[in-house]
Amino acid sequence: MVFGFGKAKPPLTASRRGQIELRMRYLVDRLTLPVIQQTAIVTDAAPFLPNETVTAEELPDVAARIAKQMQADISGLQWEVTDGTPATAVHQIGDVPKVRVPQEALHDPRQLVTTLAHEISHYRLGQFDPGDLPDQGQWLTELATLCGGFVIAVCNSTVKPSCCSTPAPTATALRSLGFLTAADLGYAAALLARLRNETDPAWGRQLRADAQVAYKQAKKSMPAACTMVIDASSIPSPQSSIQQLAEQMVSSNESFQFLAAEQIARRHAEPREAFVPALTQMLRSRDEQVVLVAAEALRSIGPAAHAAAPALEHLLNHRVDMIAASAGIALMAIDPNELVFEHVGELLENRWSAAIPISTALAQYGHQAAAAGPSICRRLVTALRRTEDEIIDALAACLHAVAEAPMEVIEATISNDEILEWMKGYLASMDEVAAE
């Protein structure tokens, strides 16, 4: 086991650990372990700065010094200082890769160093095969910056809050949005210390308090014998075989089980019935993300996962809307019968934050899901009163897909004349678009 744990409780959930471990493994492969071990840890930004105030002309020289520290080649990267917008540094990766830095950012040179290190990491990742990246978001960029020696700067900088509080269309999107938290970064810092074979590095005491709590807890939870020398088969990844995933699904490492389940959900061309018992067991996890990924894997397996139906039915009453929704969506894929569609329609009516994923899934079954029509109508009335435009669009499209005569369903369910007139016009416009 590579990222195993002892008796101490780890600071993050199994799913969160698994996502960070997978990305750290990716960086070890691409940047190489010797480079990560030999790169100096930056404890002071001053060596990168010519003066207390950086000018636009000096910006490329500062970036070159940071790139040298990170052992990155940025010869093809251009730098531009702008007035006004953007408010923060942004990257533009294309035929002419460029980083645009706002003028006011030059007045905070130490924060500027962290920002430039982040943008250099993003450029560096853009040089890898995009089809091989664990994600296209900011997680990997922040971890690459951390592995490039800027662990203190990354952990001590202001972390943008996750945007996962807004309704997400799928369970996958729910997991992938947002930046890493202080606890995530503290855990990653502990992994970095192990990668560097450092038991109590001085730089660990310079981490901000919130990151340092997770850092210390992670160090205690990792067995002393763990050398962090990573081999190719240790962490579930797109390169893992079905046999390797089977072994990792029964591992005592919950983060490995999570990552294996995530890969199983994507292997549509391979037989996966043998994974159903393990995935069903995962539905009982206290880690909400583990339950979500298990439900998604069972959905992708479809009718062959019929043995998991009772466990999924139990989750329809789960307190978390997305878990109840994911269970309902999986049940439809396993056994798309009238009773299941009716139950999923009830979820749609009562689980407010899951309206979009449920309605999108129902629409895929067309007239087969007609039993959900009345629930869609009632949820639509609520959405109209709350002016939830995106949800209104999704619900109306869903009703149009599942009902053979949408207006008949509406008139049998809704008594409000104003809403009836609005729906007549809306559905008529949808018919016109379909005809075009």
# chains A, B, ... in the order shown; residues from 1 in each chain; ligands from 1
call {"tool": "residues_around", "arguments": {"residues": "Met322 (chain A)", "least_positions_apart": "4", "cutoff": "8 Å", "atoms": "only C-alpha atoms", "output": "VMD selection string"}}
result
chain A and resid 171 292 326 353 to 354
call {"tool": "write_last_selection", "arguments": {"atoms": "C-alpha atoms", "output": "compact mmCIF listing (two decimals), in the first residue's frame"}}
result
# COMPACT_ATOMS: atom_id res chain seq x y z
CA ALA A 171 -22.41 13.74 -9.39
CA LEU A 292 -22.29 9.11 -5.16
CA SER A 326 -28.25 9.53 -7.81
CA SER A 353 -31.42 21.04 -5.40
CA ALA A 354 -31.49 17.88 -7.53
call {"tool": "residues_around", "arguments": {"residues": "Phe48 (chain A)", "least_positions_apart": "6", "cutoff": "9 Å", "atoms": "only C-alpha atoms", "output": "mmCIF file with C-alpha atoms, in the first residue's frame"}}
result
data_model
loop_
_atom_site.group_PDB
_atom_site.id
_atom_site.type_symbol
_atom_site.label_atom_id
_atom_site.label_comp_id
_atom_site.auth_asym_id
_atom_site.auth_seq_id
_atom_site.Cartn_x
_atom_site.Cartn_y
_atom_site.Cartn_z
ATOM 1 C CA ASP A 61 12.728 38.126 -15.250
ATOM 2 C CA VAL A 62 10.785 37.346 -12.054
ATOM 3 C CA ALA A 63 8.838 34.636 -13.929
ATOM 4 C CA ALA A 64 12.093 33.175 -15.301
ATOM 5 C CA ARG A 65 13.541 32.882 -11.775
ATOM 6 C CA ILE A 66 10.405 31.145 -10.546
ATOM 7 C CA VAL A 113 5.368 35.273 -6.786
#
call {"tool": "residues_around", "arguments": {"residues": "Met282 (chain A)", "least_positions_apart": "5", "cutoff": "10 Å", "atoms": "only C-alpha atoms", "output": "list in words"}}
result
Met249, Glu254, Gln257, Phe258, Ala261, Val276, Pro277, Asp287, Val290, Val291, Leu292, Val293, Ala294 and Ala295 of chain A
call {"tool": "write_last_selection", "arguments": {"atoms": "C-alpha atoms", "output": "PDB file, in the first residue's frame"}}
result
ATOM      1  CA  MET A 249     -12.065  -2.539  -4.787  1.00  0.00           C
ATOM      2  CA  GLU A 254     -11.081   3.397   1.212  1.00  0.00           C
ATOM      3  CA  GLN A 257     -11.956   1.826  -3.427  1.00  0.00           C
ATOM      4  CA  PHE A 258     -13.335   5.247  -4.336  1.00  0.00           C
ATOM      5  CA  ALA A 261     -15.282   2.740  -8.473  1.00  0.00           C
ATOM      6  CA  VAL A 276     -21.796  -5.093  -8.048  1.00  0.00           C
ATOM      7  CA  PRO A 277     -21.423  -6.600  -4.514  1.00  0.00           C
ATOM      8  CA  ASP A 287     -18.552   9.445   2.928  1.00  0.00           C
ATOM      9  CA  VAL A 290     -18.161   7.487  -2.029  1.00  0.00           C
ATOM     10  CA  VAL A 291     -21.915   6.821  -2.133  1.00  0.00           C
ATOM     11  CA  LEU A 292     -22.289   9.107  -5.158  1.00  0.00           C
ATOM     12  CA  VAL A 293     -19.551   7.418  -7.153  1.00  0.00           C
ATOM     13  CA  ALA A 294     -20.852   3.931  -6.263  1.00  0.00           C
ATOM     14  CA  ALA A 295     -24.349   4.881  -7.429  1.00  0.00           C
TER      15      ALA A 295
END
call {"tool": "closest_residue", "arguments": {"among": "A:Leu331, A:Leu27, A:Ala278, A:Ala14", "to": "Gly302 (chain A)", "atoms": "only C-alpha atoms"}}
result
A:Leu331
call {"tool": "residues_around", "arguments": {"residues": "Phe275 (chain A)", "least_positions_apart": "3", "cutoff": "10 Å", "atoms": "only C-alpha atoms", "output": "PyMOL selection string"}}
result
chain A and resi 242+245-246+249-250+261+264+271-272+278-280+297-298+301+305
call {"tool": "residues_around", "arguments": {"residues": "Leu207 (chain A)", "least_positions_apart": "2", "cutoff": "7 Å", "atoms": "only C-alpha atoms", "output": "PDB file with N, CA and C atoms, in the first residue's frame"}}
result
ATOM      1  N   ILE A 152       4.606  26.196   0.997  1.00  0.00           N
ATOM      2  CA  ILE A 152       4.234  27.180   2.019  1.00  0.00           C
ATOM      3  C   ILE A 152       3.362  28.265   1.409  1.00  0.00           C
ATOM      4  N   CYS A 155      -0.187  26.793   0.593  1.00  0.00           N
ATOM      5  CA  CYS A 155      -0.975  26.514   1.803  1.00  0.00           C
ATOM      6  C   CYS A 155      -1.362  27.793   2.549  1.00  0.00           C
ATOM      7  N   ASN A 156      -0.535  28.833   2.452  1.00  0.00           N
ATOM      8  CA  ASN A 156      -0.784  30.049   3.216  1.00  0.00           C
ATOM      9  C   ASN A 156      -1.503  31.125   2.423  1.00  0.00           C
ATOM     10  N   GLY A 204       7.382  22.603   7.468  1.00  0.00           N
ATOM     11  CA  GLY A 204       6.059  22.212   7.924  1.00  0.00           C
ATOM     12  C   GLY A 204       5.531  23.092   9.032  1.00  0.00           C
ATOM     13  N   ARG A 205       6.454  23.685   9.809  1.00  0.00           N
ATOM     14  CA  ARG A 205       6.041  24.551  10.916  1.00  0.00           C
ATOM     15  C   ARG A 205       5.695  25.957  10.443  1.00  0.00           C
ATOM     16  N   ALA A 209      -2.149  27.941  10.216  1.00  0.00           N
ATOM     17  CA  ALA A 209      -2.709  27.082  11.260  1.00  0.00           C
ATOM     18  C   ALA A 209      -3.720  26.074  10.731  1.00  0.00           C
ATOM     19  N   ALA A 211      -4.122  24.804   7.708  1.00  0.00           N
ATOM     20  CA  ALA A 211      -3.478  23.772   6.893  1.00  0.00           C
ATOM     21  C   ALA A 211      -2.583  22.884   7.754  1.00  0.00           C
ATOM     22  N   GLN A 212      -1.981  23.472   8.776  1.00  0.00           N
ATOM     23  CA  GLN A 212      -1.047  22.721   9.614  1.00  0.00           C
ATOM     24  C   GLN A 212      -1.766  21.661  10.450  1.00  0.00           C
TER      25      GLN A 212
END
